[in-house]
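Visitor: Shown below is the structure under consideration.
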Amino acid sequence: MSLGPDLNSGNALMIQFFTWDSFRPDMSWWKHFESEVPRLAELGVTQVWLPPPNKATSNVGQGYDAYDLWDLGEFHQKGTTSTRWGSKEELLSAISNAKLHGIDVLIDAVLNHKVGADRTETFKAIPVHNTNRLKEAGPAREIEGWTAFDFVARGGKYSELRWTQEHFTGIDWDHRSQKREVYKLVGKGHKGWSTNVDEELGNYDYLLGADVDFRHPDVRRDMFEWSDWILQTTGGAGFRLDAIKHMDRKFLLQWIKQTRRRGDRSRAFMVAEYWSAELARVLTWVHAFQGQTSFFDVPLHGNLHRASKGPFDLRRILDNTLLKTRPNDAVTFQIGQSLESWVEASFKLQAYALILLRGEGHPCVFYGDLYPNGECYNEATAQGLRRLMHTRKNSAYGPLHDYFDLPTCIGFVRMGDASHGGCAVLISKSNQETGDGDGPSNSNSIRMKVGEHRAGTEYIALFEPHKRVAIGADGWGTFTCDANSLEVWIPHTPAEQ
């Protein structure tokens, strides 16, 4: 799989280019993205994850409330032609410009459900217990549900499929009784919940809206055709797969393989969102997908979140993570989309250093940490993140050596290669319960080897450039970092100073 076009030979880097409430009063989001493409390329970004481009239930819907996958802001549906993010033409222009700058774009594929049906239908359904979807909560009854999607304005262009209740497994609203409850659709053609989904709540097929039945031949045909159409139409290079724990994994694996077989897409990048902090659960799905998709490293995110909230032994920061177990399958991140488990601002740069500078996994940075916004922006974090992105692009190469020796301070070294100098990194935090590293005046130090070829070289601190470390004849140096802080050290030869 590829994290960027072939012309990009440096360290790959992804960015999630939106927040949940993203909005620009002066231009569409797609135009904003296009205007930022040169800056992103300069920061070393090789891949952008954009929000879902499909028509949502309204002009402010983010796209996760998917109404019509075949409408990218082209047809007047749901009271609007453009999506929340802009028009189809603006999207295509932005992606084309990104590719010219060596940046690939991922399409956020929301396949699991449909929302905002055009009319209701009546059909038989059985209510199920919300905490155990395998347990029926009553007998079959006739209900009225929003399950008919006619797409009148699109008029069959691109896809002639009009969705009805036969294409879904469940809904959560009976319009007749005005009752919100999870209902399993039954009757002719219905096969119940898919068995190839996560076992949370007994069976986690149903998430929201009208739940898509991937066993239906019409659905399968439409989904296969859509994946080819949207990549061909937009110039997208792969997919971010939303909410896969609710989807039939056998179908999704087939969908991924068929997507790659069509056209020249053998290296198309895929990343799946399986939200669980339990490594064993994630690995079950990693194995099921046979290396065909990477996964967001939610267990690592959980460790970073806990480390930011209170006492944490930094030597264990990578334990029970996808990054440590299967680094080639891990997309590493510290925040994304809309999460409750935020990494606190006091630990964000330390988290980003672990993600960006180690050379393992596929790192993803968050728009909200880089650009001003009303949700989570911090100027000091943004400035530090830009420095770390530049360091990844220009210095963080070569073999990795860890110095995870102290509970409150860990270090690692990138040895560099023929074209890049490498770097030395120290990360620290306070553990109030033990007093280790407590207080801003405390400083941590770790002796690390950067190599005999660096003998006589000075390393300069990225965040406090007046600080220097001299490397001895044996290739070792003593690197320092303030408590609750981060420092990155970059080599400078005497000729460069």
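In the structure tokens, each chain is lettered A, B, ... as it comes, each chain's residues begin at 1, and ligands are numbered from 1 in order of appearance.
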Name all residues at most 7 Å from range 201-211 of chain A (count only C-alpha atoms; drop same-chain ones fewer than 5 positions away) and give them as a count of residues only.

Guide: 18

Visitor: Taking the chain letters and numbering used in this document, name the residues of range 79-284 of chain A that DSSP puts in helix (DSSP H, G or I), as an MDAnalysis selection string.

Guide: chainID A and resid 88:100 165:167 217:234 244:246 249:261 279:284

Visitor: Can you work out which one of A:Asp65, A:Glu181, A:Asp174, A:Glu487 has the shortest atom-to-atom distance to Ile446 in chain A, counting only C-alpha atoms?

Guide: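 Result for the nearest residue to Ile446 in chain A: A:Glu487.
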
Visitor: Please determine, counting only C-alpha atoms, which residue among A:Ala66, A:Ile256, A:Met27, A:Ala125 has the shortest atom-to-atom distance to Trp85 in chain A.

Guide: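 Among the listed residues, A:Met27 lies closest to Trp85 in chain A.
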